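Engineer: Coordinates in query30.txt, compact mmCIF, C-alpha atoms, are listed below.
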```txt
# COMPACT_ATOMS: atom_id res chain seq x y z
CA MET A 1 11.93 16.44 13.81
CA SER A 2 9.57 18.46 11.68
CA GLU A 3 6.78 16.73 9.78
CA GLN A 4 8.29 18.37 6.69
CA GLN A 5 11.12 15.82 6.36
CA ARG A 6 11.09 14.11 3.00
CA VAL A 7 11.93 10.40 3.12
CA SER A 8 13.32 8.26 0.32
CA VAL A 9 12.82 4.51 0.40
CA ILE A 10 15.31 2.85 -1.91
CA VAL A 11 14.48 -0.72 -2.91
CA ASN A 12 17.34 -2.68 -4.44
CA ASN A 13 16.52 -5.72 -6.55
CA TYR A 14 18.36 -8.48 -8.35
CA ASN A 15 16.31 -11.46 -9.56
CA TYR A 16 13.72 -11.26 -6.76
CA ALA A 17 10.62 -11.25 -8.96
CA ALA A 18 8.83 -13.41 -6.40
CA TYR A 19 9.24 -10.74 -3.69
CA VAL A 20 9.91 -7.32 -5.21
CA GLY A 21 6.23 -6.47 -5.72
CA LYS A 22 5.50 -6.92 -2.01
CA ALA A 23 8.54 -4.80 -1.09
CA ILE A 24 7.47 -1.99 -3.43
CA GLU A 25 3.85 -2.14 -2.32
CA SER A 26 4.92 -1.88 1.33
CA ALA A 27 7.02 1.20 0.55
CA CYS A 28 4.19 2.81 -1.43
CA GLU A 29 1.64 2.21 1.35
CA GLN A 30 3.47 4.16 4.05
CA THR A 31 1.34 6.28 6.37
CA TYR A 32 3.87 9.11 6.15
CA PRO A 33 2.87 11.27 3.15
CA LEU A 34 6.26 12.71 2.12
CA THR A 35 7.72 9.39 1.05
CA GLU A 36 9.28 8.77 -2.35
CA VAL A 37 9.99 5.24 -3.53
CA ILE A 38 12.97 4.53 -5.77
CA VAL A 39 13.46 1.02 -7.11
CA VAL A 40 16.84 0.09 -8.54
CA ASP A 41 16.92 -3.11 -10.56
CA ASP A 42 20.51 -4.28 -10.79
CA GLY A 43 20.42 -6.15 -14.09
CA SER A 44 17.86 -8.83 -13.22
CA THR A 45 17.40 -11.64 -15.71
CA ASP A 46 13.98 -12.76 -14.43
CA ASN A 47 10.71 -10.85 -14.94
CA SER A 48 11.48 -8.28 -12.22
CA SER A 49 11.44 -5.42 -14.71
CA GLU A 50 7.81 -6.16 -15.66
CA ILE A 51 6.74 -6.18 -12.00
CA ILE A 52 8.63 -2.96 -11.26
CA SER A 53 7.28 -1.19 -14.34
CA ALA A 54 3.69 -2.09 -13.38
CA PHE A 55 3.89 0.39 -10.48
CA GLY A 56 3.93 3.26 -12.98
CA ASP A 57 4.38 6.74 -11.56
CA ARG A 58 3.98 5.55 -7.95
CA ILE A 59 7.73 4.90 -7.98
CA THR A 60 10.93 6.04 -9.64
CA PRO A 61 12.27 2.94 -11.41
CA ILE A 62 15.93 2.69 -12.36
CA PHE A 63 17.23 -0.19 -14.48
CA GLN A 64 20.98 -0.64 -14.63
CA PRO A 65 23.46 -3.35 -15.64
CA ASN A 66 24.44 -5.68 -12.83
CA GLY A 67 27.01 -4.04 -10.59
CA GLY A 68 26.17 -5.54 -7.21
CA GLN A 69 24.13 -4.42 -4.23
CA ALA A 70 26.44 -1.53 -3.27
CA ALA A 71 26.20 -0.13 -6.79
CA ALA A 72 22.40 -0.37 -6.66
CA PHE A 73 22.30 1.45 -3.32
CA ASN A 74 24.62 4.16 -4.63
CA THR A 75 22.49 4.64 -7.74
CA GLY A 76 19.36 4.94 -5.62
CA LEU A 77 21.02 7.38 -3.25
CA GLU A 78 22.13 9.60 -6.15
CA ALA A 79 18.52 9.72 -7.40
CA SER A 80 16.96 10.37 -3.99
CA HIS A 81 15.59 13.66 -2.69
CA GLY A 82 14.97 12.68 0.92
CA GLU A 83 16.62 14.13 3.98
CA ILE A 84 16.12 10.67 5.46
CA VAL A 85 16.88 7.52 3.44
CA ILE A 86 15.70 3.98 4.12
CA PHE A 87 17.30 1.11 2.22
CA LEU A 88 14.99 -1.85 1.63
CA ASP A 89 16.05 -5.17 0.13
CA ALA A 90 13.61 -6.53 -2.45
CA ASP A 91 12.95 -9.66 -0.39
CA ASP A 92 11.88 -7.64 2.67
CA TYR A 93 8.99 -5.30 3.35
CA LEU A 94 8.06 -2.40 5.64
CA PHE A 95 5.15 -2.22 8.03
CA PRO A 96 2.82 0.65 7.03
CA ASN A 97 4.01 3.02 9.77
CA ALA A 98 7.75 2.34 9.50
CA VAL A 99 8.63 5.67 7.84
CA GLU A 100 6.36 7.61 10.18
CA ARG A 101 8.06 6.06 13.22
CA VAL A 102 11.54 6.82 11.88
CA VAL A 103 10.59 10.46 11.28
CA GLN A 104 9.16 10.72 14.80
CA VAL A 105 12.48 9.80 16.44
CA TRP A 106 14.81 11.48 13.95
CA LYS A 107 16.88 14.33 15.41
CA PRO A 108 19.73 16.48 14.12
CA GLY A 109 23.04 14.69 14.50
CA ILE A 110 21.60 11.20 14.04
CA SER A 111 23.15 9.26 11.19
CA LYS A 112 21.30 5.95 11.58
CA ILE A 113 18.20 4.51 13.17
CA HIS A 114 17.97 0.75 13.48
CA TYR A 115 14.75 -1.04 14.30
CA LEU A 116 13.76 -4.62 15.02
CA LEU A 117 13.12 -6.89 12.09
CA LYS A 118 10.51 -9.59 12.07
CA GLY A 119 11.66 -12.78 10.35
CA ILE A 120 9.54 -14.07 7.49
CA ASP A 121 9.82 -16.87 4.98
CA GLY A 122 8.44 -17.73 1.56
CA ASP A 123 5.03 -18.55 3.01
```
So that I can check it, write out the structure of this file as structure tokens.

Structural biologist:
Amino acid sequence: MSEQQRVSVIVNNYNYAAYVGKAIESACEQTYPLTEVIVVDDGSTDNSSEIISAFGDRITPIFQPNGGQAAAFNTGLEASHGEIVIFLDADDYLFPNAVERVVQVWKPGISKIHYLLKGIDGD
């Protein structure tokens, strides 16, 4: 697919202050230049909002009352501008070339690309 594809990474968060910064940073550090990062905080009661806000204009932050993960994904999707969308949970992260690799294999008619995940833990 053309290098002109815009990609939206939508990070959903609910009370993952310990992890959300790493998730956002990994989305912001993608090697593919046409990547927008949208972070939807679904009514967190921890200090997630402070961490999210610290990213400034590198991301599009959205703060909403708690409605569940599906509601957060839907909110992010409505705000996105990408022809390709990647959903990222706040306790996960992307390798730097993840978006670039998805764009490389994307073709018309594809509705989903799934890739291997590497398990991680709190350490």

Engineer: Could you name the residues that touch range 104-106 of chain A at 12 Å or less, counting all atoms listed in the file, but leaving out those on the same chain fewer than 3 positions away, as a list of chain:residue names?

Structural biologist: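 My reading of the contact set: A:Met1, A:Ser2, A:Glu3, A:Gln4, A:Gln5, A:Arg6, A:Val7, A:Tyr32, A:Glu83, A:Ile84, A:Val85, A:Asn97, A:Ala98, A:Val99, A:Glu100, A:Arg101, A:Gly109, A:Ile110, A:Ser111, A:Lys112, A:Ile113, A:His114, A:Tyr115.
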
Engineer: Using all atoms listed in the file, which of A:Ala18, A:Leu77, A:Ala54, A:Ile62 sits nearest Val39 in chain A?

Structural biologist: A:Ile62

Engineer: Just the residues within 8 Å of Ala90 in chain A, please, counting only C-alpha atoms, with nothing from its chain fewer than 2 positions along; format it as a list in words.

Structural biologist: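 Contacts, in chain order: Val11, Asn12, Asn13, Tyr14, Tyr16, Tyr19, Val20, Ala23, Ile24, Leu88, Asp92 and Tyr93 of chain A.
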
Engineer: Mind dumping the selected residues with C-alpha atoms as an mmCIF file, in the coordinates of the input?

Structural biologist:
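Saved as part35.cif:
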```cif
data_model
loop_
_atom_site.group_PDB
_atom_site.id
_atom_site.type_symbol
_atom_site.label_atom_id
_atom_site.label_comp_id
_atom_site.auth_asym_id
_atom_site.auth_seq_id
_atom_site.Cartn_x
_atom_site.Cartn_y
_atom_site.Cartn_z
ATOM 1 C CA VAL A 11 14.480 -0.720 -2.910
ATOM 2 C CA ASN A 12 17.340 -2.680 -4.440
ATOM 3 C CA ASN A 13 16.520 -5.720 -6.550
ATOM 4 C CA TYR A 14 18.360 -8.480 -8.350
ATOM 5 C CA TYR A 16 13.720 -11.260 -6.760
ATOM 6 C CA TYR A 19 9.240 -10.740 -3.690
ATOM 7 C CA VAL A 20 9.910 -7.320 -5.210
ATOM 8 C CA ALA A 23 8.540 -4.800 -1.090
ATOM 9 C CA ILE A 24 7.470 -1.990 -3.430
ATOM 10 C CA LEU A 88 14.990 -1.850 1.630
ATOM 11 C CA ASP A 92 11.880 -7.640 2.670
ATOM 12 C CA TYR A 93 8.990 -5.300 3.350
#
```

Engineer: Distance CA of Gly67 in chain A-CA of Gly43 in chain A, one decimal place?

Structural biologist: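 Computing the Euclidean distance for CA of Gly67 in chain A and CA of Gly43 in chain A yields 7.8 Å.
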
Engineer: Which residue is closest to Val103 in chain A? Choose from A:Pro65, A:Gly119, A:Pro33, A:Gly76 and count all atoms listed in the file.

Structural biologist: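 Of all the options, A:Pro33 lies closest to Val103 in chain A.
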
Engineer: Between A:Glu25, A:Glu78, A:Asp41, A:Glu36, single out the one closest to Phe55 in chain A, counting all atoms listed in the file.

Structural biologist: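 For Phe55 in chain A, the nearest of the candidates is A:Glu25.
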
Engineer: Out of A:Ser8, A:Ser26, A:Asn74, A:Gln64, which residue has the shortest atom-to-atom distance to Thr45 in chain A when counting all atoms listed in the file?

Structural biologist: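 When distances to Thr45 in chain A are compared using all atoms listed in the file, the smallest one comes from A:Gln64.
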
Engineer: Find, counting all atoms listed in the file, the residue in A:Ala79, A:Val9, A:Val37, A:Val102 that gets nearest to Arg58 in chain A.

Structural biologist: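 Among the listed residues, the smallest separation from Arg58 in chain A belongs to A:Val37.
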